Amino acid sequence: MNNALLEIKNLKTSFRIRDDYYAAVDDVSLTVNKNEVLAIVGESGSGKSALAFSVMGLHNRAKIEGNIYFKDHDLANLPANKLNKLRGDDMAMIFQDPLTALNPLMTIEEQIAETLLLHHKNLSKKKRREKVIDLLNQVGIPRPEHTCDQFPHELSGGMRQRVIIAIAIANDPELLIADEPTTALDVTIQAQILDLINDLKENMNAGIVLITHDLGVVAEMADRVAVMYAGQIVEIADVHTLFANPRHPYTRSLLHSIPNIDGGNDKLHVIQGIVPPLHKLPREGCRFAARIPWIDTSAHETNPELHEIKPGHFVRCTCHNQFYFPDEKKKEEQADGIS
Amino acid sequence: MWKFIVRRLLITLPQIVLLSILVFVMAQMMPGDALTGLIDPNIDPAAIEEQREKMGLNDPWYIQYGDWISSALQGDLGQSFRFKMPVTDLVEQRLINSFWLGLVTLIFTYIIAIPLGITSGRYNDTMRDQLITGYTYIGFATPLFIFALVMLWVGGFQLGWFPTGGSVAPGLEPGTFEYALSKFQHLLLPGLSMALITTVNTVQYLRSEIIDTKQKDFIVTARAKGASESRVYNRHILRNSLLPIAAYFGFEITGLIGGTVFIETIYSYPGMGLLFMDSVLQRDYSVVTAVVLLFGIASILGALLSDIILSLVDPRIRIK
């Protein structure tokens, strides 16, 4: 019955700033099921990428507490040599910036073949090349035999992202983490890459964690969505519930910020303030409180927790019960005045 | 690839021609000429003038340049009045000495610098790194001749392990094993004192390149593939960090030809640097001109070599 592929329990990833450690991912618990696309959404600095890097064990000098269960291993406490057996094989990652994520001195073939070589040592050179060409075909590169011998600088951004995807899927991973895979690309190329990931999803049989700040991407790709703010998950729900009935003030503000084509001359909604820097983040009370100052402070919990308001729909803090947008209030008042 | 090299070579030719003109014109502008130092000043000025006319010294500069360059191309760079021998033979001897000294220096430099640079870059901001950077700061701050003098005093006089001057012990037959050994022994001390200074640059270059490279995104990609730490360093970080060192190598080669004035003077090692110093002081014009020309050509060729090496190791440089 257990359908969970990846189980993150009370994960806390802290970085050192001067002499103290500050948590960028603060007590996150999350489950990724087999064959599911879980989207993690949030602003820059909300800890999405730090979370993904913790799972892959790619942080250099971070302190990681908690547990990350994946295939009978606890990734948070796994020695490097065992972790290296999983990385690139059972779990893989697609990176944000295709322009810098490839080694400028190695040919495309060498870079893809490296993953194959590291996990299938007995594959002959010829077999590896065949497999590389096959992979390049899969990710939609038009002349794979030619591209094999090219260097990254000879390819466009979209092509490079396809190569990075080819590296990630080379060993049929069970868990694929895509860290903002389209952020650095042109809009038209973004659509192509998303289509590609969608196609791969069908054939791959893998759990995918999609990290993004683009709600359009979420609506198109995800099965479930986790919204992160300041290192915490503030809301989790399946994608339909989240778009139809968002609860947490942060989720509602994000959705409210999307310009509406019928909106006429209304000003775009902007969430006040910024995500506070790591070392200035208040660690007590509702972390979003500072950005919705018009909400009465008594609406927040002292120790905000995730509440399951409907099966599978979790929301942090109680402030969502009393939340409204200032312009809504104004409209209501205006309406009251007229009547 | 070959097109790039050929094109680069074609640019080099006019550079060398221009250089030779400049060197010649500057030599002409120096006070005095080939006769001034040779002739007894009591001789009748009219006779000197006649001699001048005969030797073509009163011709306009471009005709003189033509004479000079055409004989230079045939290997005749004139006569050294001080050594009373053809400049070509003189330079050849010195060039060979300087070449060996440069080579030993270069080998010492890389043997010392590459491990230090790698350690320093990989374990940056640790005790090890601080010791190494500490050495480089001392190296930067200390003038070359102090290093050389201390080494000479300790290794040559106090311990007496090494000869203190010259390029070979007297009385040995060229071609024998003892001769080669003595040459090598004469090279060690100057080569090492030179290397201790030149190392400093290479260590710093390598250190900062490694620190820079290890934060690049493609290193994260390599780790995400499951590459071990040693593979990440050897395959990805080191190769990318050696690019500037490879580029610098061309210029280091220049040093092989140029020799070094300080080291050669302190160890009285008969190389190009010492020849240049002496010739300038003695107003040995034909030698000075030849040596300056040679230094210039060496730098041009060094730059050429750097470009070619870089185009070999970095695919981004290869121009189609």
# chains A, B, ... in the order shown; residues from 1 in each chain; ligands from 1

call {"tool": "residues_around", "arguments": {"residues": "segment 96-100 of chain B", "least_positions_apart": "4", "cutoff": "12 Å", "atoms": "only C-alpha atoms", "output": "ChimeraX atom specification"}}
result
/B:89-92,104-107,166-168,180,183-188,190-191,252-261,263-264,268-276,298

call {"tool": "residues_around", "arguments": {"residues": "Gly57 of chain A", "least_positions_apart": "3", "cutoff": "8 Å", "atoms": "only C-alpha atoms", "output": "number ranges by chain"}}
result
A: 53-54, 75-76, 83

call {"tool": "write_last_selection", "arguments": {"atoms": "N, CA and C atoms", "output": "JSON list (two decimals), in the first residue's frame"}}
result
[["chain", "number", "residue", "atom", "x", "y", "z"],
["A", 53, "PHE", "N", 18.39, 20.68, -3.16],
["A", 53, "PHE", "CA", 19.81, 20.38, -3.02],
["A", 53, "PHE", "C", 20.06, 19.48, -1.80],
["A", 54, "SER", "N", 19.23, 19.63, -0.75],
["A", 54, "SER", "CA", 19.38, 18.77, 0.43],
["A", 54, "SER", "C", 19.07, 17.33, 0.07],
["A", 75, "LEU", "N", 18.81, 9.66, 3.22],
["A", 75, "LEU", "CA", 19.76, 10.48, 2.46],
["A", 75, "LEU", "C", 20.44, 11.53, 3.32],
["A", 76, "ALA", "N", 19.76, 11.93, 4.39],
["A", 76, "ALA", "CA", 20.33, 12.99, 5.23],
["A", 76, "ALA", "C", 21.55, 12.50, 6.00],
["A", 83, "LEU", "N", 25.91, 7.69, -1.31],
["A", 83, "LEU", "CA", 25.10, 8.71, -1.95],
["A", 83, "LEU", "C", 25.43, 8.78, -3.44]]

call {"tool": "closest_atom_pairs", "arguments": {"of": "chain B", "to": "chain A", "cutoff": "8 Å", "atoms": "only C-alpha atoms", "output": "CSV"}}
result
residue,atom,partner,partner_atom,distance
B:Lys216,CA,A:Thr100,CA,7.3
B:Asp217,CA,A:Ala101,CA,4.8
B:Phe218,CA,A:Ala101,CA,4.1
B:Ile219,CA,A:Ala101,CA,7.7
B:Val220,CA,A:Leu58,CA,6.9
B:Thr221,CA,A:Ala101,CA,6.1
B:Arg223,CA,A:Leu58,CA,7.2
B:Ala224,CA,A:Arg87,CA,5.6
B:Lys225,CA,A:Gly88,CA,4.0
B:Gly226,CA,A:Asn84,CA,4.1
B:Ala227,CA,A:Asn84,CA,6.4
B:Ser228,CA,A:Asn84,CA,6.6
B:His236,CA,A:Asn103,CA,7.3
B:Asn240,CA,A:Leu105,CA,7.2
B:Val313,CA,A:Leu105,CA,7.9
B:Asp314,CA,A:Leu105,CA,6.3
B:Pro315,CA,A:Leu105,CA,6.4
B:Arg316,CA,A:His153,CA,6.9

call {"tool": "select_by_dssp", "arguments": {"residues": "segment 72-293 of chain B", "states": "strand (DSSP E)", "output": "list in words"}}
result
Gln79, Ser80, Met85 and Pro86 of chain B

call {"tool": "write_last_selection", "arguments": {"atoms": "C-alpha atoms", "output": "PDB file, in the first residue's frame"}}
result
ATOM      1  CA  GLN B  79      80.981  41.618 -34.936  1.00  0.00           C
ATOM      2  CA  SER B  80      81.221  42.086 -31.201  1.00  0.00           C
ATOM      3  CA  MET B  85      83.906  37.299 -32.387  1.00  0.00           C
ATOM      4  CA  PRO B  86      80.774  37.175 -34.588  1.00  0.00           C
TER       5      PRO B  86
END

call {"tool": "closest_residue", "arguments": {"among": "A:Lys48, A:His313, A:Lys121, A:His279", "to": "Thr212 of chain A", "atoms": "only C-alpha atoms"}}
result
A:Lys48

call {"tool": "closest_residue", "arguments": {"among": "B:Leu159, B:Ala222, B:Ala290, B:Ala113", "to": "Tyr205 of chain B", "atoms": "only C-alpha atoms"}}
result
B:Ala113

call {"tool": "atom_distance", "arguments": {"atom1": "atom CA of Leu152 of chain B", "atom2": "atom CA of Leu196 of chain B"}}
result
13.4 Å

call {"tool": "residues_around", "arguments": {"residues": "Thr109 of chain B", "least_positions_apart": "3", "cutoff": "12 Å", "atoms": "only C-alpha atoms", "output": "JSON, numbers by chain"}}
result
{"B": [102, 103, 104, 105, 106, 112, 113, 114, 115, 116, 117, 191, 192, 193, 194, 195, 196, 197, 198, 199, 200, 201, 202, 203, 245, 249, 252]}

call {"tool": "residues_around", "arguments": {"residues": "His213 of chain A", "least_positions_apart": "5", "cutoff": "9 Å", "atoms": "only C-alpha atoms", "output": "list in words"}}
result
Ile40, Val41, Gly42, Glu43, Ser44, Glu180, Thr183 and Val218 of chain A

call {"tool": "closest_residue", "arguments": {"among": "B:Tyr110, B:Phe147, B:Tyr179, B:Phe81", "to": "Gln282 of chain B", "atoms": "only C-alpha atoms"}}
result
B:Phe81

call {"tool": "atom_distance", "arguments": {"atom1": "atom CA of Lys201 of chain A", "atom2": "atom CA of Gly47 of chain A"}}
result
24.9 Å

call {"tool": "atom_distance", "arguments": {"atom1": "atom CA of Leu281 of chain A", "atom2": "atom CA of Asp214 of chain A"}}
result
24.3 Å
